[in-house]
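Below is run13.txt, which holds compact mmCIF, C-alpha atoms.
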```
# COMPACT_ATOMS: atom_id res chain seq x y z
CA MET N 1 45.42 -27.49 26.48
CA SER N 2 44.40 -26.73 30.01
CA GLY N 3 42.03 -23.88 29.21
CA ALA N 4 43.27 -22.16 32.36
CA SER N 5 44.38 -18.59 32.78
CA SER N 6 45.72 -16.62 35.71
CA VAL N 7 42.96 -13.99 35.31
CA ARG N 8 39.72 -15.34 36.71
CA GLN N 9 37.36 -12.63 37.89
CA LEU N 10 35.42 -9.61 36.69
CA ARG N 11 34.57 -6.72 38.98
CA VAL N 12 32.58 -3.65 37.92
CA GLU N 13 32.27 -0.87 40.48
CA GLN N 14 30.03 2.21 40.27
CA VAL N 15 30.26 2.54 36.48
CA THR N 16 28.37 5.41 34.86
CA HIS N 17 28.37 6.12 31.14
CA SER N 18 26.59 8.74 29.05
CA TYR N 19 26.13 9.58 25.41
CA GLY N 20 25.94 13.36 25.35
CA ASN N 21 23.37 14.39 27.93
CA THR N 22 21.78 10.93 28.11
CA THR N 23 22.98 8.64 30.90
CA VAL N 24 22.61 5.04 29.73
CA VAL N 25 24.49 3.23 32.54
CA ARG N 26 24.15 4.58 36.06
CA ASN N 27 26.28 3.51 39.06
CA VAL N 28 26.40 -0.16 38.02
CA SER N 29 28.32 -2.64 40.17
CA LEU N 30 28.60 -6.40 39.75
CA ASP N 31 31.04 -9.28 40.29
CA VAL N 32 31.51 -12.44 38.25
CA GLU N 33 33.51 -15.29 39.74
CA ALA N 34 35.65 -17.87 37.95
CA GLY N 35 33.54 -20.54 36.27
CA GLN N 36 30.35 -18.57 36.94
CA VAL N 37 27.75 -17.57 34.36
CA HIS N 38 26.22 -14.20 35.25
CA CYS N 39 23.29 -12.96 33.12
CA LEU N 40 22.55 -9.29 32.62
CA LEU N 41 18.82 -9.19 31.90
CA GLY N 42 16.91 -6.20 30.60
CA PRO N 43 14.85 -4.83 27.71
CA SER N 44 16.26 -3.04 24.68
CA GLY N 45 17.74 0.33 25.62
CA SER N 46 18.38 -0.62 29.25
CA GLY N 47 22.16 -0.23 28.96
CA LYS N 48 23.16 -3.91 28.71
CA SER N 49 25.29 -3.77 25.58
CA THR N 50 26.81 -0.44 26.56
CA LEU N 51 28.02 -1.95 29.82
CA LEU N 52 29.64 -4.82 27.88
CA ARG N 53 31.42 -2.30 25.66
CA VAL N 54 32.72 -0.45 28.72
CA ILE N 55 34.02 -3.70 30.21
CA ALA N 56 35.68 -4.63 26.92
CA GLY N 57 37.36 -1.23 26.68
CA LEU N 58 35.39 -0.15 23.60
CA GLU N 59 33.81 2.73 25.55
CA THR N 60 35.31 4.97 28.23
CA PRO N 61 32.89 5.51 31.15
CA ASP N 62 32.26 8.84 32.86
CA SER N 63 33.20 7.26 36.19
CA GLY N 64 33.73 3.95 37.93
CA THR N 65 36.22 1.11 37.62
CA VAL N 66 36.54 -2.26 35.88
CA SER N 67 38.95 -4.92 37.16
CA ILE N 68 39.91 -8.27 35.69
CA GLY N 69 41.41 -10.45 38.37
CA SER N 70 43.72 -8.21 40.41
CA ALA N 71 44.33 -5.76 37.55
CA GLN N 72 42.28 -2.61 37.15
CA VAL N 73 41.72 -2.02 33.42
CA THR N 74 39.35 0.96 33.58
CA GLY N 75 39.41 3.77 36.09
CA GLU N 76 40.68 7.27 36.75
CA HIS N 77 43.66 7.75 34.40
CA ILE N 78 43.51 4.00 33.55
CA ALA N 79 42.32 2.75 30.16
CA VAL N 80 43.91 -0.54 29.13
CA PRO N 81 43.32 -1.06 25.37
CA PRO N 82 40.79 -3.78 24.42
CA GLU N 83 43.41 -6.02 22.85
CA GLN N 84 45.42 -6.02 26.09
CA ARG N 85 42.51 -7.09 28.28
CA ALA N 86 42.08 -10.77 29.13
CA ILE N 87 38.58 -10.70 27.64
CA GLY N 88 36.80 -12.69 24.94
CA PHE N 89 33.79 -11.10 23.23
CA VAL N 90 31.11 -12.91 21.20
CA PHE N 91 28.89 -10.40 19.42
CA GLN N 92 25.23 -10.86 18.53
CA ASP N 93 26.08 -11.26 14.83
CA TYR N 94 29.21 -13.35 15.64
CA ALA N 95 31.47 -10.93 13.62
CA LEU N 96 33.41 -13.70 11.86
CA PHE N 97 35.82 -12.61 9.14
CA PRO N 98 33.93 -13.58 5.95
CA HIS N 99 37.10 -13.88 3.84
CA LEU N 100 38.82 -16.30 6.26
CA ASN N 101 37.99 -19.95 6.75
CA VAL N 102 37.21 -21.37 10.19
CA ARG N 103 40.85 -22.30 10.86
CA ARG N 104 42.16 -18.81 10.09
CA ASN N 105 39.32 -17.13 12.02
CA ILE N 106 40.36 -19.01 15.15
CA LEU N 107 44.10 -18.54 14.63
CA TYR N 108 43.65 -14.78 14.10
CA GLY N 109 43.58 -13.76 17.76
CA MET N 110 45.59 -16.64 19.20
CA PRO N 111 48.67 -15.80 21.33
CA PRO N 112 52.12 -16.38 19.76
CA GLY N 113 53.50 -19.90 19.62
CA THR N 114 54.96 -22.38 17.19
CA ARG N 115 52.90 -23.31 14.15
CA ALA N 116 52.38 -26.81 15.56
CA GLU N 117 51.27 -25.48 18.95
CA ARG N 118 48.82 -23.01 17.44
CA HIS N 119 47.29 -25.57 15.09
CA ALA N 120 46.99 -28.14 17.89
CA LYS N 121 45.21 -25.57 20.06
CA MET N 122 42.94 -24.59 17.16
CA GLN N 123 41.98 -28.21 16.53
CA SER N 124 41.37 -28.81 20.24
CA LEU N 125 39.04 -25.81 20.36
CA LEU N 126 37.11 -27.07 17.34
CA GLU N 127 36.70 -30.44 19.03
CA ARG N 128 35.46 -28.77 22.22
CA VAL N 129 32.76 -26.90 20.30
CA GLU N 130 31.90 -30.02 18.26
CA LEU N 131 33.18 -28.73 14.90
CA ALA N 132 36.26 -30.90 14.47
CA ASP N 133 35.72 -31.37 10.70
CA ALA N 134 34.91 -27.75 9.87
CA ALA N 135 38.39 -26.18 9.85
CA SER N 136 38.42 -25.54 6.08
CA ALA N 137 34.84 -24.28 5.84
CA MET N 138 34.05 -20.66 5.00
CA PRO N 139 31.67 -18.81 7.39
CA HIS N 140 28.91 -18.38 4.79
CA THR N 141 28.64 -22.17 4.38
CA LEU N 142 27.89 -22.71 8.09
CA SER N 143 24.56 -22.65 9.87
CA GLY N 144 23.84 -19.95 12.45
CA GLY N 145 24.56 -22.38 15.28
CA GLU N 146 27.87 -23.43 13.73
CA GLN N 147 28.90 -19.79 13.22
CA GLN N 148 28.13 -19.09 16.88
CA ARG N 149 30.37 -21.96 17.97
CA VAL N 150 33.19 -20.77 15.71
CA ALA N 151 32.88 -17.31 17.28
CA LEU N 152 33.11 -18.92 20.72
CA ALA N 153 36.20 -20.93 19.74
CA ARG N 154 37.84 -17.79 18.33
CA ALA N 155 37.15 -15.87 21.54
CA LEU N 156 38.50 -18.75 23.67
CA ALA N 157 41.67 -18.89 21.55
CA ARG N 158 42.88 -15.80 23.44
CA GLU N 159 42.64 -17.79 26.70
CA PRO N 160 40.52 -15.09 28.33
CA GLY N 161 39.72 -14.98 32.02
CA VAL N 162 36.43 -13.21 31.21
CA MET N 163 33.97 -13.93 28.40
CA LEU N 164 31.36 -11.39 27.29
CA LEU N 165 28.37 -12.71 25.31
CA ASP N 166 26.00 -10.17 23.73
CA GLU N 167 22.64 -11.85 22.96
CA PRO N 168 24.55 -14.80 21.43
CA PHE N 169 21.56 -17.09 20.89
CA SER N 170 18.83 -14.63 19.89
CA SER N 171 19.00 -15.28 16.13
CA LEU N 172 18.68 -19.08 16.45
CA ASP N 173 15.44 -21.05 16.32
CA VAL N 174 14.17 -22.59 19.55
CA ARG N 175 15.52 -26.12 19.05
CA LEU N 176 18.94 -24.98 17.83
CA ARG N 177 19.12 -22.29 20.52
CA THR N 178 18.83 -24.90 23.26
CA GLU N 179 21.49 -27.12 21.70
CA VAL N 180 24.00 -24.32 21.06
CA ARG N 181 23.40 -22.76 24.46
CA GLU N 182 24.12 -26.04 26.23
CA THR N 183 27.35 -26.53 24.26
CA THR N 184 28.46 -22.94 24.87
CA LEU N 185 27.89 -23.00 28.62
CA ARG N 186 29.46 -26.44 28.99
CA VAL N 187 32.64 -25.27 27.25
CA LEU N 188 32.85 -22.03 29.23
CA ARG N 189 32.49 -23.90 32.53
CA GLU N 190 35.11 -26.43 31.44
CA PHE N 191 37.49 -23.51 30.84
CA ASN N 192 36.57 -22.05 34.26
CA THR N 193 35.82 -18.74 32.54
CA ALA N 194 33.97 -15.92 34.28
CA THR N 195 31.09 -15.26 31.85
CA LEU N 196 28.82 -12.24 31.55
CA LEU N 197 25.91 -12.98 29.22
CA VAL N 198 23.53 -10.26 28.04
CA THR N 199 19.96 -11.27 27.25
CA HIS N 200 16.47 -9.79 27.04
CA ASP N 201 14.89 -13.23 27.56
CA PRO N 202 13.95 -13.94 31.21
CA GLN N 203 13.60 -17.69 30.58
CA GLU N 204 17.07 -17.83 29.06
CA SER N 205 18.54 -16.08 32.09
CA MET N 206 16.82 -18.57 34.40
CA ARG N 207 18.20 -21.54 32.46
CA CYS N 208 21.74 -20.23 31.95
CA ALA N 209 22.80 -18.30 34.99
CA ASP N 210 24.31 -18.86 38.38
CA GLN N 211 23.47 -15.20 39.11
CA VAL N 212 21.17 -12.76 37.31
CA SER N 213 21.33 -8.97 37.44
CA VAL N 214 18.13 -7.22 36.34
CA ILE N 215 18.94 -3.89 34.68
CA ARG N 216 16.35 -1.21 33.99
CA ALA N 217 16.98 2.28 32.62
CA GLY N 218 20.71 1.80 33.15
CA GLN N 219 20.46 0.75 36.79
CA ILE N 220 20.82 -2.66 38.45
CA ILE N 221 17.51 -3.32 40.21
CA GLN N 222 18.37 -6.69 41.76
CA THR N 223 21.09 -9.33 41.64
CA ALA N 224 20.27 -12.82 42.89
CA THR N 225 20.15 -16.50 41.95
CA PRO N 226 17.44 -17.40 39.40
CA GLN N 227 15.35 -19.06 42.11
CA ASP N 228 15.55 -16.10 44.47
CA LEU N 229 14.68 -13.71 41.64
CA TYR N 230 11.66 -15.81 40.77
CA PHE N 231 10.26 -16.20 44.27
CA PHE N 232 11.62 -13.05 45.95
CA PRO N 233 11.67 -10.25 43.34
CA ALA N 234 12.61 -6.76 44.47
CA ASP N 235 9.46 -5.15 43.09
CA ARG N 236 6.36 -5.83 41.05
CA GLU N 237 7.93 -4.97 37.68
CA THR N 238 10.76 -7.42 38.30
CA ALA N 239 8.23 -10.03 39.43
CA GLU N 240 6.19 -9.65 36.24
CA THR N 241 9.34 -10.02 34.13
CA PHE N 242 9.56 -13.67 35.18
CA GLY N 243 5.93 -14.65 34.71
CA VAL N 244 2.56 -14.73 36.45
CA ILE N 245 2.46 -13.09 39.86
CA ASN N 246 -0.34 -12.86 42.45
CA THR N 247 -0.67 -9.63 44.43
CA LEU N 248 -2.41 -9.70 47.82
CA LYS N 249 -2.83 -6.80 50.20
CA VAL N 250 -1.01 -7.22 53.50
CA ARG N 251 -1.92 -5.91 56.93
CA ARG N 252 0.07 -6.16 60.15
CA GLU N 253 -1.32 -8.01 63.16
CA GLY N 254 1.41 -7.85 65.77
CA THR N 255 4.44 -9.59 64.31
CA GLN N 256 2.42 -11.35 61.61
CA ARG N 257 1.66 -10.25 58.06
CA VAL N 258 -1.88 -11.24 57.16
CA THR N 259 -3.63 -11.51 53.77
CA VAL N 260 -7.09 -12.54 52.66
CA LEU N 261 -5.68 -16.09 52.52
CA GLY N 262 -4.26 -15.95 56.03
CA CYS N 263 -0.76 -15.31 57.38
CA LEU N 264 2.18 -15.16 54.99
CA PRO N 265 4.29 -18.28 55.54
CA GLY N 266 7.96 -17.51 56.21
CA ALA N 267 9.76 -15.14 53.86
CA ALA N 268 7.71 -13.44 51.15
CA ALA N 269 8.38 -10.79 48.51
CA LEU N 270 6.70 -7.48 49.27
CA ASP N 271 6.07 -4.36 47.20
CA ASP N 272 4.42 -0.96 47.69
CA SER N 273 6.14 -0.13 50.99
CA ASN N 274 5.53 -3.68 52.28
CA GLU N 275 1.77 -3.39 51.77
CA THR N 276 1.45 -5.93 48.93
CA ALA N 277 2.67 -9.54 48.83
CA LEU N 278 4.09 -10.83 45.53
CA LEU N 279 3.29 -14.55 45.31
CA ARG N 280 4.00 -16.98 42.51
CA PRO N 281 1.34 -19.50 41.42
CA GLU N 282 3.51 -22.20 43.02
CA CYS N 283 2.83 -20.52 46.39
CA ILE N 284 -0.93 -21.04 46.06
CA ALA N 285 -2.33 -24.45 46.99
CA LEU N 286 -5.79 -25.68 46.05
CA GLU N 287 -7.93 -28.29 47.79
CA PRO N 288 -11.50 -29.44 47.18
CA ALA N 289 -13.89 -27.45 49.34
CA HIS N 290 -15.71 -29.57 51.93
CA GLY N 291 -18.11 -27.19 53.60
CA PRO N 292 -17.63 -23.49 54.42
CA THR N 293 -14.33 -22.10 55.71
CA THR N 294 -13.44 -18.80 57.36
CA THR N 295 -10.80 -17.92 54.73
CA GLY N 296 -9.75 -18.97 51.25
CA GLN N 297 -13.05 -20.01 49.66
CA GLY N 298 -13.09 -19.68 45.87
CA THR N 299 -14.39 -20.87 42.51
CA VAL N 300 -12.33 -22.15 39.57
CA CYS N 301 -12.91 -19.78 36.65
CA THR N 302 -10.03 -20.48 34.25
CA ILE N 303 -7.77 -23.43 33.38
CA GLU N 304 -4.70 -22.74 31.20
CA PRO N 305 -2.81 -25.88 30.10
CA GLU N 306 1.00 -25.50 30.22
CA GLY N 307 2.06 -29.03 29.32
CA GLY N 308 3.12 -30.73 32.53
CA THR N 309 1.19 -28.21 34.62
CA ASN N 310 -2.05 -26.24 34.53
CA LEU N 311 -2.45 -22.63 35.59
CA ILE N 312 -5.72 -22.52 37.53
CA GLY N 313 -7.50 -19.19 37.98
CA VAL N 314 -9.64 -18.98 41.13
CA GLN N 315 -11.97 -16.14 42.01
CA LEU N 316 -11.91 -15.76 45.77
CA SER N 317 -15.28 -15.27 47.42
CA GLN N 318 -13.79 -12.47 49.53
CA GLY N 319 -10.85 -11.24 47.51
CA PRO N 320 -9.24 -10.99 44.07
CA LEU N 321 -8.67 -13.59 41.37
CA VAL N 322 -5.57 -15.66 42.12
CA LYS N 323 -3.68 -18.18 40.00
CA ALA N 324 -2.24 -21.50 41.18
CA ARG N 325 0.10 -23.83 39.28
CA CYS N 326 -0.89 -27.49 39.64
CA LEU N 327 0.37 -30.71 38.09
CA ALA N 328 -1.53 -31.80 34.99
CA PRO N 329 -3.97 -33.24 34.28
CA GLY N 330 -5.48 -32.61 37.72
CA ASN N 331 -9.10 -32.93 38.75
CA TRP N 332 -10.15 -29.30 38.54
CA ASN N 333 -13.18 -28.16 36.56
CA ILE N 334 -14.56 -24.74 35.74
CA GLY N 335 -17.07 -23.77 38.41
CA ALA N 336 -15.64 -26.10 41.06
CA ALA N 337 -15.60 -24.83 44.63
CA VAL N 338 -12.10 -24.92 46.15
CA ARG N 339 -10.26 -23.99 49.29
CA VAL N 340 -7.21 -21.82 48.68
CA ARG N 341 -4.25 -21.56 51.04
CA LEU N 342 -0.71 -20.20 51.02
CA ARG N 343 2.40 -22.35 51.11
CA ASN N 344 6.14 -21.78 51.13
CA PRO N 345 7.87 -21.72 47.75
```

Could the structure of this file be written out as structure tokens, please?
Amino acid sequence: MSGASSVRQLRVEQVTHSYGNTTVVRNVSLDVEAGQVHCLLGPSGSGKSTLLRVIAGLETPDSGTVSIGSAQVTGEHIAVPPEQRAIGFVFQDYALFPHLNVRRNILYGMPPGTRAERHAKMQSLLERVELADAASAMPHTLSGGEQQRVALARALAREPGVMLLDEPFSSLDVRLRTEVRETTLRVLREFNTATLLVTHDPQESMRCADQVSVIRAGQIIQTATPQDLYFFPADRETAETFGVINTLKVRREGTQRVTVLGCLPGAAALDDSNETALLRPECIALEPAHGPTTTGQGTVCTIEPEGGTNLIGVQLSQGPLVKARCLAPGNWNIGAAVRVRLRNP
């Protein structure tokens, strides 16, 4: 089985959807390319799952369009039924048929073919998701991770060009979540499937995605690579979503943007009408203080071990407390005098 399909792209344009008088998705646009994993990240109630349902054809939006490849499937006077869309959908609870064994669950949605062809495809899918010996098992006898992989195989049996995953790993423990996530993403990339994965976990989005769209109150706030989202967030709330952030007031001196730690190096994320710099701990460098300096003098006041790194809190002598991420174990001690400077991410 090639795992290929002629439909290889998802495009959502200006989609708005309401329940009664409450608008839950507002003017959302995004693209997912073939073989790409695109994460939709947001808290509960932000409109993530509703958008998936619109894409799948389970909800009809107030306005906007959805296209799969070159075919528009949602739009004005266009509403292609869910079963006719080249889409696979893995739900949060997997939604396996409890009365069917693994083999029959996977065969259920498979396109027509000879019995031999369908069973060969089913067995190939089970091998791809590392469940080659589980064809006769009933869903209730499987672990959560195994059920998730069966749900993935069943969705792939339709040979979709687009895969929608709604919080697929959230019910798994940490160790199993990592293992199942790696298997799932490997298989989807092997099939060159355009994947839209919904999650509320920022760390999961950073690990999984080629692109991340941050959604808040039904609106896309920012779409970027995980690295760009981390170092160049659109605003302070987005910055705080991905971890510790330092905020330093900025003033203009000619063409330069200056903080209490000196000039901002290169590109930097700004908030509050460009008056505040948003800087990750990786953008703060510490050095032992050897005599007084004109800028960046501080005292170590906190040390938070993070495993391979330490998060060092430094109270500036002429400014706020800032946090720097340094390799562990390091030679920093509480009360040590340090020089603090900015560096490029």

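Note that CA of Gln315 in chain N and CA of Asn333 in chain N are 13.3 Å apart.
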
Range 65-78 of chain N surroundings by only C-alpha atoms, 9 Å radius, close-in-sequence under 6 positions cut, as number ranges by chain = N: 6-15, 54-55, 57, 85-87, 161-162

request  = Could you give me, as a PyMOL selection string, the residues within 8 Å of Arg343 in chain N, counting all atoms listed in the file and dropping anything in the same chain fewer than 2 positions from it?
outcome  = chain N and resi 265+283-285+341+345

query = Nearest to Lys121 in chain N: which of N:Val212, N:Leu279, N:Ala267, N:Ile106 is it, counting all atoms listed in the file?
reply =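 So, comparing all the options, the nearest one is N:Ile106.
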
With the cut-off set at 12 Å and counting all atoms listed in the file, tabulate each residue of range 242-265 of chain N with an atom at most that distance from an atom of range 301-312 of chain N, showing the nearest atom pair and its distance in Å to one decimal, ordered by chain and increasing number, as a Markdown table.
```
| residue | atom | partner | partner_atom | distance |
| --- | --- | --- | --- | --- |
| N:Gly243 | CA | N:Leu311 | CA | 11.6 |
| N:Val244 | CA | N:Leu311 | CA | 9.4 |
| N:Ile245 | CA | N:Leu311 | CA | 11.5 |
```

### Message
Can you pull out the residues contacting range 138-145 of chain N? Cut-off 9 Å, using all atoms listed in the file, and skip same-chain residues under 6 positions away; I want them as a PyMOL selection string.
### Response
chain N and resi 96-102+169+171-172+176-177+179-180

Neighbours of Phe91 in chain N within 9 Å (all atoms listed in the file; same-chain residues fewer than 4 positions away dropped), as JSON, numbers by chain? {"N": [95, 151, 164, 165, 166, 167, 168]}

Closest of N:Asp31, N:Glu182, N:Asp62, N:Glu190 to Leu156 in chain N, counting all atoms listed in the file, is N:Glu190

Practice problem: Measure the distance from CA of Phe231 in chain N to CA of Arg181 in chain N in Å and round it to one decimal. | Solution: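 We find that CA of Phe231 in chain N and CA of Arg181 in chain N lie 24.7 Å from each other.
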